[in-house]
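*Asks:* Next up, structure_18.txt (compact mmCIF, C-alpha atoms and all ligand atoms).
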```txt
# COMPACT_ATOMS: atom_id res chain seq x y z
CA MET A 15 211.95 112.52 -50.10
CA PRO A 16 211.09 109.33 -48.18
CA GLY A 17 214.16 108.04 -46.47
CA HIS A 18 213.61 105.50 -43.74
CA THR A 19 210.63 103.13 -43.90
CA GLU A 20 209.50 100.86 -41.10
CA SER A 21 206.63 98.48 -40.48
CA GLY A 22 206.81 98.08 -36.65
CA ALA A 23 204.74 99.86 -34.00
CA ALA A 24 207.57 101.96 -32.54
CA PRO A 25 207.21 105.75 -32.71
CA LEU A 26 209.00 107.43 -35.59
CA LEU A 27 211.49 109.97 -34.24
CA ARG A 28 211.46 113.28 -36.07
CA ARG A 29 215.09 113.95 -36.95
CA HIS A 30 214.45 117.46 -38.24
CA PRO A 31 211.58 119.89 -37.46
CA ASP A 32 210.57 119.83 -41.16
CA GLU A 33 210.58 116.03 -41.44
CA LEU A 34 207.19 114.61 -42.40
CA LEU A 35 206.09 111.41 -40.68
CA VAL A 36 203.75 109.48 -42.96
CA GLY A 37 201.66 106.35 -42.48
CA LEU A 38 200.89 104.38 -45.64
CA VAL A 39 198.14 101.76 -45.49
CA SER A 40 197.21 99.40 -48.31
CA VAL A 41 193.82 97.84 -47.65
CA SER A 42 193.27 94.79 -49.81
CA ASP A 43 192.05 91.27 -49.01
CA ARG A 44 193.87 89.83 -51.97
CA ALA A 45 197.17 91.66 -51.71
CA SER A 46 197.37 91.09 -47.94
CA SER A 47 196.74 87.34 -48.36
CA GLY A 48 199.25 86.97 -51.19
CA VAL A 49 196.79 86.38 -54.07
CA TYR A 50 198.60 89.17 -55.88
CA ARG A 51 201.58 91.34 -55.06
CA ASP A 52 200.70 94.58 -53.35
CA GLU A 53 201.23 97.54 -55.62
CA GLY A 54 199.51 100.04 -53.33
CA LEU A 55 202.38 100.71 -50.93
CA PRO A 56 205.02 100.99 -53.70
CA ALA A 57 202.72 103.41 -55.58
CA LEU A 58 202.28 105.58 -52.49
CA GLN A 59 205.97 105.53 -51.58
CA GLY A 60 207.12 106.14 -55.14
CA TRP A 61 204.78 109.08 -55.57
CA LEU A 62 205.87 110.71 -52.29
CA GLU A 63 209.48 110.25 -53.32
CA SER A 64 208.81 112.08 -56.59
CA ALA A 65 206.80 114.88 -54.97
CA LEU A 66 208.43 115.81 -51.66
CA VAL A 67 211.45 118.06 -51.46
CA GLY A 68 212.24 117.69 -47.76
CA PRO A 69 212.87 114.74 -45.45
CA CYS A 70 210.19 112.14 -44.79
CA GLN A 71 209.88 108.86 -42.91
CA CYS A 72 207.19 106.29 -43.71
CA ALA A 73 205.52 103.57 -41.66
CA THR A 74 203.78 101.01 -43.88
CA ARG A 75 200.93 98.58 -43.29
CA LEU A 76 199.31 95.99 -45.64
CA ILE A 77 196.01 94.78 -44.17
CA PRO A 78 192.74 93.09 -45.21
CA ASP A 79 189.37 94.87 -45.54
CA GLU A 80 188.38 94.51 -41.86
CA ARG A 81 186.77 97.62 -40.37
CA GLN A 82 188.15 97.23 -36.83
CA LEU A 83 191.62 96.35 -38.04
CA ILE A 84 191.67 99.36 -40.36
CA SER A 85 190.53 101.78 -37.66
CA ALA A 86 192.97 100.30 -35.11
CA THR A 87 195.78 100.64 -37.65
CA LEU A 88 194.91 104.28 -38.37
CA ALA A 89 194.71 105.14 -34.66
CA GLU A 90 198.01 103.40 -33.99
CA LEU A 91 199.77 105.24 -36.83
CA VAL A 92 198.61 108.60 -35.50
CA ASP A 93 198.67 108.06 -31.71
CA ARG A 94 201.66 105.72 -31.25
CA VAL A 95 203.78 106.07 -34.36
CA GLY A 96 203.21 109.85 -34.47
CA CYS A 97 202.34 110.28 -38.16
CA ASP A 98 201.36 113.74 -39.44
CA LEU A 99 199.73 112.34 -42.57
CA VAL A 100 198.21 108.92 -43.28
CA LEU A 101 197.32 107.83 -46.81
CA THR A 102 195.21 104.72 -47.36
CA THR A 103 194.59 102.96 -50.66
CA GLY A 104 191.79 100.50 -51.36
CA GLY A 105 188.42 99.52 -49.97
CA THR A 106 186.54 102.71 -50.89
CA GLY A 107 184.05 101.24 -53.35
CA PRO A 108 180.51 99.90 -52.96
CA ALA A 109 181.39 96.19 -52.53
CA ARG A 110 180.28 94.65 -49.24
CA ARG A 111 183.86 94.34 -47.97
CA ASP A 112 184.81 97.91 -48.90
CA VAL A 113 184.81 99.57 -45.46
CA THR A 114 187.82 101.91 -45.46
CA PRO A 115 185.69 105.12 -45.33
CA GLU A 116 183.66 103.80 -42.37
CA ALA A 117 186.85 102.77 -40.53
CA THR A 118 188.36 106.19 -41.22
CA LEU A 119 185.29 108.00 -39.90
CA ASP A 120 185.49 105.76 -36.79
CA VAL A 121 188.78 107.46 -35.81
CA ALA A 122 187.92 110.98 -36.97
CA THR A 123 187.63 114.05 -34.83
CA ARG A 124 186.73 116.17 -37.88
CA GLU A 125 185.72 115.49 -41.46
CA MET A 126 187.45 117.26 -44.38
CA PRO A 127 184.86 116.77 -47.15
CA GLY A 128 186.69 118.92 -49.71
CA PHE A 129 189.27 116.20 -50.29
CA GLY A 130 186.72 113.54 -51.26
CA GLU A 131 184.82 116.00 -53.45
CA GLN A 132 187.98 117.06 -55.29
CA MET A 133 189.27 113.48 -55.67
CA ARG A 134 186.06 112.37 -57.35
CA GLN A 135 186.23 115.40 -59.65
CA ILE A 136 189.79 114.52 -60.62
CA SER A 137 189.04 110.83 -61.05
CA LEU A 138 186.12 111.57 -63.35
CA ARG A 139 188.69 112.88 -65.84
CA PHE A 140 190.20 109.37 -65.87
CA VAL A 141 187.32 106.91 -65.32
CA PRO A 142 183.52 107.23 -65.34
CA THR A 143 183.40 104.93 -62.31
CA ALA A 144 185.06 107.64 -60.16
CA ILE A 145 181.72 108.23 -58.48
CA LEU A 146 181.86 104.70 -57.06
CA SER A 147 184.65 105.71 -54.67
CA ARG A 148 183.30 106.77 -51.27
CA GLN A 149 186.73 108.05 -50.18
CA VAL A 150 186.86 110.47 -47.24
CA ALA A 151 189.49 112.56 -45.49
CA VAL A 152 189.52 113.38 -41.80
CA ILE A 153 191.56 114.96 -39.04
CA ARG A 154 192.37 112.85 -36.02
CA ASP A 155 193.34 115.07 -33.09
CA THR A 156 194.42 113.48 -29.81
CA GLY A 157 194.86 116.78 -27.97
CA SER A 158 198.64 116.64 -28.13
CA HIS A 159 199.02 115.61 -31.78
CA ALA A 160 196.94 115.80 -34.94
CA ALA A 161 197.10 114.09 -38.32
CA LEU A 162 195.36 114.28 -41.67
CA ILE A 163 194.08 110.92 -42.93
CA ILE A 164 193.11 110.59 -46.60
CA ASN A 165 191.56 107.62 -48.42
CA LEU A 166 192.60 106.93 -52.02
CA PRO A 167 191.04 104.34 -54.36
CA GLY A 168 192.66 100.89 -54.63
CA GLN A 169 193.75 100.93 -58.26
CA PRO A 170 197.50 101.59 -58.01
CA LYS A 171 197.30 104.18 -60.81
CA ALA A 172 194.64 106.09 -58.83
CA VAL A 173 197.26 107.07 -56.27
CA ARG A 174 199.11 109.31 -58.69
CA GLU A 175 195.96 110.45 -60.45
CA THR A 176 194.29 111.77 -57.30
CA LEU A 177 197.37 113.15 -55.53
CA GLU A 178 198.86 114.82 -58.58
CA GLY A 179 195.80 115.71 -60.65
CA LEU A 180 195.72 116.05 -64.41
CA LYS A 181 198.18 117.97 -66.61
CA ASP A 182 198.25 118.65 -70.32
CA GLU A 183 201.14 117.60 -72.55
CA ALA A 184 203.05 120.78 -71.72
CA GLY A 185 202.79 120.02 -68.01
CA LYS A 186 200.15 122.70 -67.35
CA THR A 187 197.74 121.74 -64.57
CA LEU A 188 194.23 121.01 -65.87
CA VAL A 189 192.79 119.75 -62.57
CA PRO A 190 194.80 120.29 -59.38
CA GLY A 191 195.65 117.17 -57.40
CA ILE A 192 194.56 117.02 -53.80
CA PHE A 193 198.15 117.07 -52.54
CA ALA A 194 198.26 120.78 -53.48
CA ALA A 195 196.27 121.45 -50.31
CA VAL A 196 198.05 118.98 -48.01
CA PRO A 197 201.09 121.08 -46.93
CA TYR A 198 198.96 124.01 -45.75
CA CYS A 199 196.52 121.66 -44.03
CA ILE A 200 199.42 120.09 -42.14
CA ASP A 201 200.65 123.59 -41.17
CA LEU A 202 197.21 124.39 -39.77
CA ILE A 203 197.08 121.27 -37.59
CA GLY A 204 200.54 121.95 -36.13
CA GLY A 205 202.67 119.63 -38.29
CA PRO A 206 205.97 120.21 -40.10
CA TYR A 207 206.41 122.71 -42.95
CA ILE A 208 206.57 120.57 -46.07
CA GLU A 209 207.42 121.55 -49.63
CA THR A 210 206.76 119.85 -52.96
CA ARG A 211 208.34 119.76 -56.39
CA PRO A 212 206.11 122.14 -58.38
CA GLU A 213 206.55 120.14 -61.58
CA VAL A 214 204.86 117.19 -59.81
CA VAL A 215 202.33 119.07 -57.72
CA LYS A 216 202.37 122.75 -56.84
CA ALA A 217 201.52 123.21 -53.18
CA PHE A 218 199.40 126.24 -52.43
CA ARG A 219 199.72 128.37 -49.29
CA PRO A 220 198.33 131.85 -48.78
CA LYS A 221 201.18 134.39 -49.03
CA SER A 222 201.01 135.08 -45.30
CA ALA A 223 201.66 131.38 -44.59
CA LEU A 224 204.79 131.12 -46.75
CA ARG A 225 207.92 130.54 -44.72
CA ASN A 226 209.69 133.48 -46.33
CA ALA A 227 206.64 135.76 -45.92
CA GLY A 228 207.83 139.24 -45.04
CA ALA A 229 211.43 138.52 -46.05
CA ALA A 230 213.07 141.36 -47.96
N1 LIG B 1 196.89 96.62 -53.26
C1 LIG B 1 196.78 96.36 -54.55
N2 LIG B 1 197.84 95.93 -55.26
C2 LIG B 1 197.75 95.68 -56.59
N3 LIG B 1 196.63 95.83 -57.29
C3 LIG B 1 195.54 96.24 -56.63
C4 LIG B 1 195.56 96.52 -55.23
N4 LIG B 1 194.32 96.90 -54.86
C5 LIG B 1 193.58 96.87 -55.97
N5 LIG B 1 194.30 96.48 -57.04
C6 LIG B 1 193.85 96.34 -58.42
O1 LIG B 1 192.72 97.12 -58.61
C7 LIG B 1 191.61 96.32 -59.04
C8 LIG B 1 190.34 96.86 -58.45
O2 LIG B 1 190.49 96.89 -57.09
P1 LIG B 1 189.36 96.37 -56.07
O3 LIG B 1 188.49 97.51 -55.78
O4 LIG B 1 188.74 95.10 -56.54
O5 LIG B 1 190.37 96.03 -54.94
P2 LIG B 1 190.24 96.19 -53.40
O6 LIG B 1 188.82 96.10 -52.94
O7 LIG B 1 191.02 97.37 -53.02
O8 LIG B 1 191.09 94.89 -53.05
P3 LIG B 1 190.59 93.45 -52.60
O9 LIG B 1 189.39 93.08 -53.43
O10 LIG B 1 191.75 92.56 -52.81
O11 LIG B 1 190.30 93.61 -51.15
C9 LIG B 1 191.98 94.92 -58.56
O12 LIG B 1 191.38 93.93 -59.36
C10 LIG B 1 193.47 94.91 -58.74
O13 LIG B 1 193.82 94.69 -60.09
N1 LIG B 2 191.65 108.16 -60.08
C1 LIG B 2 190.95 107.01 -60.10
N2 LIG B 2 189.89 106.92 -59.29
C2 LIG B 2 189.16 105.80 -59.27
C3 LIG B 2 189.50 104.69 -60.09
C4 LIG B 2 190.64 104.83 -60.95
O1 LIG B 2 191.04 103.92 -61.67
N3 LIG B 2 191.34 106.00 -60.91
N4 LIG B 2 188.72 103.56 -60.05
C5 LIG B 2 187.33 103.72 -59.61
C6 LIG B 2 186.66 102.46 -59.32
S1 LIG B 2 186.49 101.41 -60.65
C7 LIG B 2 186.16 102.12 -58.09
S2 LIG B 2 185.23 100.73 -57.86
C8 LIG B 2 186.36 103.00 -56.93
C9 LIG B 2 186.64 102.31 -55.62
O2 LIG B 2 187.85 101.57 -55.66
P1 LIG B 2 188.43 100.80 -54.39
O3 LIG B 2 187.33 99.97 -53.80
O4 LIG B 2 189.55 99.98 -54.93
O5 LIG B 2 188.91 101.82 -53.39
O6 LIG B 2 187.40 103.95 -57.20
C10 LIG B 2 187.17 104.65 -58.42
N5 LIG B 2 188.07 105.75 -58.46
```
Would you give me this structure, written as structure tokens?
*Replies:*
Amino acid sequence: MPGHTESGAAPLLRRHPDELLVGLVSVSDRASSGVYRDEGLPALQGWLESALVGPCQCATRLIPDERQLISATLAELVDRVGCDLVLTTGGTGPARRDVTPEATLDVATREMPGFGEQMRQISLRFVPTAILSRQVAVIRDTGSHAALIINLPGQPKAVRETLEGLKDEAGKTLVPGIFAAVPYCIDLIGGPYIETRPEVVKAFRPKSALRNAGAA
């Protein structure tokens, strides 16, 4: 669960090989200028706290919808701070100032289109305007370090909806949240082995990729 949180540019030091280093970025003109209180970062942090079993450190950023600032922030969180995973919220829609997907693609070495496709599928179960979100996910690989960067919509409730998916009243998964695929993706790009609380989101790994694979 998220322990330490910082908002400076210093590298996060991994205190355990399984510790996840996460960058959280809320992109909003109004929240960053104080028109309203930012609910994006608390939503992201609160959800991670509920979902992760192991240790985690977060670096947080609240910034306006400026393409160059967003891309510089993402690059800094991966290259300098050392994040394995970066989640953004906000700025994915069709309004002129919504530029988070473009800024994310600016720092990408690879696109991961399945995440955007699945998020829009999930969101359609909640709002018909789900198709207005242009959210993308990418890998940024510097050669010595790689991270998964995922855009989420700006509505604070969309954070949980997309990461966790939709369950029925008995807690049975109706549409899997995208976080189900995040732990294995992070394995594949050389990051820490992370585990989730299955009642929040059940992470999927092929049997051969499970840590106890082959154990008696
Ligand atoms: N960071 C945030 N904190 C709290 N509420 C937010 C935040 N971002 C969006 N919202 C809410 O979601 C609604 C729709 O978001 P919208 O797409 O207009 O925001 P945005 O483009 O992400 O932010 P902004 O217009 O401030 O740059 C907003 O009217 C607001 O109620
Ligand atoms: N899960 C979920 N996805 C959602 C929403 C939502 O409330 N929940 N809002 C939609 C709306 S109304 C818009 S305009 C787009 C883009 O939002 P953004 O510009 O705040 O990122 O996300 C869409 N996706």
*Asks:* Which residues, written as a PyMOL selection string, have at least one atom at most 9 Å from range 176-180 of chain A, with only C-alpha atoms counted and residues fewer than 4 positions away on the same chain left out?
*Replies:* chain A and resi 61+65+132-134+136-137+139-140+166-167+171-172+185-194+214-216
*Asks:* Mind dumping the selected residues with C-alpha atoms as a PDB file, in the frame of the given file?
*Replies:*
```
ATOM      1  CA  TRP A  61     204.780 109.080 -55.570  1.00  0.00           C
ATOM      2  CA  ALA A  65     206.800 114.880 -54.970  1.00  0.00           C
ATOM      3  CA  GLN A 132     187.980 117.060 -55.290  1.00  0.00           C
ATOM      4  CA  MET A 133     189.270 113.480 -55.670  1.00  0.00           C
ATOM      5  CA  ARG A 134     186.060 112.370 -57.350  1.00  0.00           C
ATOM      6  CA  ILE A 136     189.790 114.520 -60.620  1.00  0.00           C
ATOM      7  CA  SER A 137     189.040 110.830 -61.050  1.00  0.00           C
ATOM      8  CA  ARG A 139     188.690 112.880 -65.840  1.00  0.00           C
ATOM      9  CA  PHE A 140     190.200 109.370 -65.870  1.00  0.00           C
ATOM     10  CA  LEU A 166     192.600 106.930 -52.020  1.00  0.00           C
ATOM     11  CA  PRO A 167     191.040 104.340 -54.360  1.00  0.00           C
ATOM     12  CA  LYS A 171     197.300 104.180 -60.810  1.00  0.00           C
ATOM     13  CA  ALA A 172     194.640 106.090 -58.830  1.00  0.00           C
ATOM     14  CA  GLY A 185     202.790 120.020 -68.010  1.00  0.00           C
ATOM     15  CA  LYS A 186     200.150 122.700 -67.350  1.00  0.00           C
ATOM     16  CA  THR A 187     197.740 121.740 -64.570  1.00  0.00           C
ATOM     17  CA  LEU A 188     194.230 121.010 -65.870  1.00  0.00           C
ATOM     18  CA  VAL A 189     192.790 119.750 -62.570  1.00  0.00           C
ATOM     19  CA  PRO A 190     194.800 120.290 -59.380  1.00  0.00           C
ATOM     20  CA  GLY A 191     195.650 117.170 -57.400  1.00  0.00           C
ATOM     21  CA  ILE A 192     194.560 117.020 -53.800  1.00  0.00           C
ATOM     22  CA  PHE A 193     198.150 117.070 -52.540  1.00  0.00           C
ATOM     23  CA  ALA A 194     198.260 120.780 -53.480  1.00  0.00           C
ATOM     24  CA  VAL A 214     204.860 117.190 -59.810  1.00  0.00           C
ATOM     25  CA  VAL A 215     202.330 119.070 -57.720  1.00  0.00           C
ATOM     26  CA  LYS A 216     202.370 122.750 -56.840  1.00  0.00           C
TER      27      LYS A 216
END
```
*Asks:* For ligand LIG 2 (chain B), collect every residue having any atom at a distance of at most 10 Å from a ligand atom (counting all atoms listed in the file); output as JSON, numbers by chain.
*Replies:* {"A": [41, 42, 79, 102, 103, 104, 105, 106, 107, 108, 109, 110, 111, 112, 113, 114, 115, 133, 134, 135, 136, 137, 138, 139, 140, 141, 142, 143, 144, 145, 146, 147, 148, 149, 165, 166, 167, 168, 169, 170, 171, 172, 173, 174, 175, 176, 177, 178, 179, 180]}
*Asks:* So how many Å separate CA of Leu38 in chain A and CA of Leu76 in chain A, to one decimal?
*Replies:*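 Computing it gives 8.5 Å between the two atoms.
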*Asks:* Pick the closest to Gly204 in chain A from A:Gly54, A:Pro220, A:Pro25, A:Gly157: which is it, counting all atoms listed in the file?
*Replies:*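 Of A:Gly54, A:Pro220, A:Pro25, A:Gly157, the one nearest Gly204 in chain A is A:Gly157, counting all atoms listed in the file.
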*Asks:* Which of these residues is nearest to Thr87 in chain A, using only C-alpha atoms: A:Leu62, A:Val121, A:Leu162, A:Ala184?
*Replies:*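 Under the stated criterion, the closest residue is A:Val121.
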*Asks:* Which one of A:Leu27, A:Pro78, A:Cys72, A:Tyr207 sits closest to ligand LIG 1 (chain B) if you count all atoms listed in the file?
*Replies:*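 Of A:Leu27, A:Pro78, A:Cys72, A:Tyr207, the one nearest ligand LIG 1 (chain B), counting all atoms listed in the file, is A:Pro78.
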*Asks:* Find the spatial neighbours of Val100 in chain A, counting only C-alpha atoms, within a cut-off of 10 Å - ignore same-chain residues fewer than 4 positions away - and output them as a PyMOL selection string.
*Replies:* chain A and resi 35-39+72-74+88+91-92+151-153+161-165
*Asks:* Suppose we keep C-alpha atoms; can you now write the selection as a short mmCIF file (atom, residue, chain, number, x, y, z; two decimals), in the frame of the given file?
*Replies:*
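Dumped to selection.cif:
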```cif
data_model
loop_
_atom_site.label_atom_id
_atom_site.label_comp_id
_atom_site.auth_asym_id
_atom_site.auth_seq_id
_atom_site.Cartn_x
_atom_site.Cartn_y
_atom_site.Cartn_z
CA LEU A 35 206.09 111.41 -40.68
CA VAL A 36 203.75 109.48 -42.96
CA GLY A 37 201.66 106.35 -42.48
CA LEU A 38 200.89 104.38 -45.64
CA VAL A 39 198.14 101.76 -45.49
CA CYS A 72 207.19 106.29 -43.71
CA ALA A 73 205.52 103.57 -41.66
CA THR A 74 203.78 101.01 -43.88
CA LEU A 88 194.91 104.28 -38.37
CA LEU A 91 199.77 105.24 -36.83
CA VAL A 92 198.61 108.60 -35.50
CA ALA A 151 189.49 112.56 -45.49
CA VAL A 152 189.52 113.38 -41.80
CA ILE A 153 191.56 114.96 -39.04
CA ALA A 161 197.10 114.09 -38.32
CA LEU A 162 195.36 114.28 -41.67
CA ILE A 163 194.08 110.92 -42.93
CA ILE A 164 193.11 110.59 -46.60
CA ASN A 165 191.56 107.62 -48.42
#
```
*Asks:* So what do you get for atom C5 of ligand LIG 1 (chain B) versus CA of Asp155 in chain A, distance-wise?
*Replies:* 29.2 Å
*Asks:* Under the rule that only C-alpha atoms are counted, which of A:Ile84, A:Val150, A:Ala160, A:Cys199 is the nearest residue to Glu125 in chain A?
*Replies:*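 Nearest to Glu125 in chain A: A:Val150.
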*Asks:* Just the number, please: distance in Å from CA of Leu99 in chain A to CA of Val196 in chain A, one decimal.
*Replies:* 8.7 Å
*Asks:* Under the rule that all atoms listed in the file are counted, which of A:Ile203, A:Ala86, A:Leu66, A:Ile77 is the nearest residue to Arg124 in chain A?
*Replies:* A:Ile203
*Asks:* Any chance you could model N, CA and C atoms for range 142-171 of chain A and send them as an mmCIF file, in the coordinates of the input?
*Replies:*
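Produced file rebuild_24.cif, reproduced below:
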```
data_model
loop_
_atom_site.group_PDB
_atom_site.id
_atom_site.type_symbol
_atom_site.label_atom_id
_atom_site.label_comp_id
_atom_site.auth_asym_id
_atom_site.auth_seq_id
_atom_site.Cartn_x
_atom_site.Cartn_y
_atom_site.Cartn_z
ATOM 1 N N PRO A 142 184.895 106.850 -65.689
ATOM 2 C CA PRO A 142 183.520 107.230 -65.340
ATOM 3 C C PRO A 142 183.052 106.603 -64.036
ATOM 4 N N THR A 143 183.781 105.586 -63.565
ATOM 5 C CA THR A 143 183.400 104.930 -62.310
ATOM 6 C C THR A 143 183.969 105.656 -61.088
ATOM 7 N N ALA A 144 184.521 106.854 -61.283
ATOM 8 C CA ALA A 144 185.060 107.640 -60.160
ATOM 9 C C ALA A 144 184.023 107.828 -59.062
ATOM 10 N N ILE A 145 182.771 107.957 -59.471
ATOM 11 C CA ILE A 145 181.720 108.230 -58.480
ATOM 12 C C ILE A 145 181.447 107.030 -57.589
ATOM 13 N N LEU A 146 182.049 105.873 -57.916
ATOM 14 C CA LEU A 146 181.860 104.700 -57.060
ATOM 15 C C LEU A 146 182.772 104.736 -55.829
ATOM 16 N N SER A 147 183.751 105.627 -55.825
ATOM 17 C CA SER A 147 184.650 105.710 -54.670
ATOM 18 C C SER A 147 184.035 106.588 -53.597
ATOM 19 N N ARG A 148 183.901 106.038 -52.398
ATOM 20 C CA ARG A 148 183.300 106.770 -51.270
ATOM 21 C C ARG A 148 184.379 107.402 -50.399
ATOM 22 N N GLN A 149 185.566 107.579 -50.933
ATOM 23 C CA GLN A 149 186.730 108.050 -50.180
ATOM 24 C C GLN A 149 186.427 109.289 -49.350
ATOM 25 N N VAL A 150 187.011 109.327 -48.137
ATOM 26 C CA VAL A 150 186.860 110.470 -47.240
ATOM 27 C C VAL A 150 188.242 110.916 -46.781
ATOM 28 N N ALA A 151 188.288 112.107 -46.183
ATOM 29 C CA ALA A 151 189.490 112.560 -45.490
ATOM 30 C C ALA A 151 189.043 113.134 -44.157
ATOM 31 N N VAL A 152 189.879 112.936 -43.151
ATOM 32 C CA VAL A 152 189.520 113.380 -41.800
ATOM 33 C C VAL A 152 190.768 113.896 -41.080
ATOM 34 N N ILE A 153 190.507 114.626 -40.003
ATOM 35 C CA ILE A 153 191.560 114.960 -39.040
ATOM 36 C C ILE A 153 191.343 114.063 -37.827
ATOM 37 N N ARG A 154 192.422 113.498 -37.330
ATOM 38 C CA ARG A 154 192.370 112.850 -36.020
ATOM 39 C C ARG A 154 193.249 113.689 -35.083
ATOM 40 N N ASP A 155 192.635 114.206 -34.026
ATOM 41 C CA ASP A 155 193.340 115.070 -33.090
ATOM 42 C C ASP A 155 193.256 114.447 -31.707
ATOM 43 N N THR A 156 194.417 114.140 -31.128
ATOM 44 C CA THR A 156 194.420 113.480 -29.810
ATOM 45 C C THR A 156 194.532 114.492 -28.674
ATOM 46 N N GLY A 157 194.637 115.763 -29.008
ATOM 47 C CA GLY A 157 194.860 116.780 -27.970
ATOM 48 C C GLY A 157 196.301 117.230 -27.980
ATOM 49 N N SER A 158 197.221 116.274 -28.100
ATOM 50 C CA SER A 158 198.640 116.640 -28.130
ATOM 51 C C SER A 158 199.236 116.504 -29.534
ATOM 52 N N HIS A 159 198.497 115.876 -30.434
ATOM 53 C CA HIS A 159 199.020 115.610 -31.780
ATOM 54 C C HIS A 159 197.842 115.436 -32.731
ATOM 55 N N ALA A 160 198.013 115.960 -33.959
ATOM 56 C CA ALA A 160 196.940 115.800 -34.940
ATOM 57 C C ALA A 160 197.507 115.317 -36.265
ATOM 58 N N ALA A 161 196.680 114.607 -37.011
ATOM 59 C CA ALA A 161 197.100 114.090 -38.320
ATOM 60 C C ALA A 161 195.950 114.197 -39.300
ATOM 61 N N LEU A 162 196.322 114.317 -40.561
ATOM 62 C CA LEU A 162 195.360 114.280 -41.670
ATOM 63 C C LEU A 162 195.374 112.871 -42.241
ATOM 64 N N ILE A 163 194.205 112.279 -42.377
ATOM 65 C CA ILE A 163 194.080 110.920 -42.930
ATOM 66 C C ILE A 163 193.262 111.022 -44.214
ATOM 67 N N ILE A 164 193.798 110.490 -45.302
ATOM 68 C CA ILE A 164 193.110 110.590 -46.600
ATOM 69 C C ILE A 164 192.990 109.211 -47.226
ATOM 70 N N ASN A 165 191.784 108.876 -47.669
ATOM 71 C CA ASN A 165 191.560 107.620 -48.420
ATOM 72 C C ASN A 165 191.768 107.864 -49.906
ATOM 73 N N LEU A 166 192.466 106.928 -50.556
ATOM 74 C CA LEU A 166 192.600 106.930 -52.020
ATOM 75 C C LEU A 166 192.014 105.623 -52.540
ATOM 76 N N PRO A 167 191.574 105.594 -53.800
ATOM 77 C CA PRO A 167 191.040 104.340 -54.360
ATOM 78 C C PRO A 167 192.139 103.270 -54.449
ATOM 79 N N GLY A 168 191.723 102.016 -54.672
ATOM 80 C CA GLY A 168 192.660 100.890 -54.630
ATOM 81 C C GLY A 168 193.469 100.651 -55.891
ATOM 82 N N GLN A 169 192.971 101.104 -57.026
ATOM 83 C CA GLN A 169 193.750 100.930 -58.260
ATOM 84 C C GLN A 169 195.092 101.629 -58.074
ATOM 85 N N PRO A 170 196.212 100.927 -58.229
ATOM 86 C CA PRO A 170 197.500 101.590 -58.010
ATOM 87 C C PRO A 170 197.672 102.885 -58.805
ATOM 88 N N LYS A 171 197.133 102.957 -60.013
ATOM 89 C CA LYS A 171 197.300 104.180 -60.810
ATOM 90 C C LYS A 171 196.484 105.348 -60.225
#
```
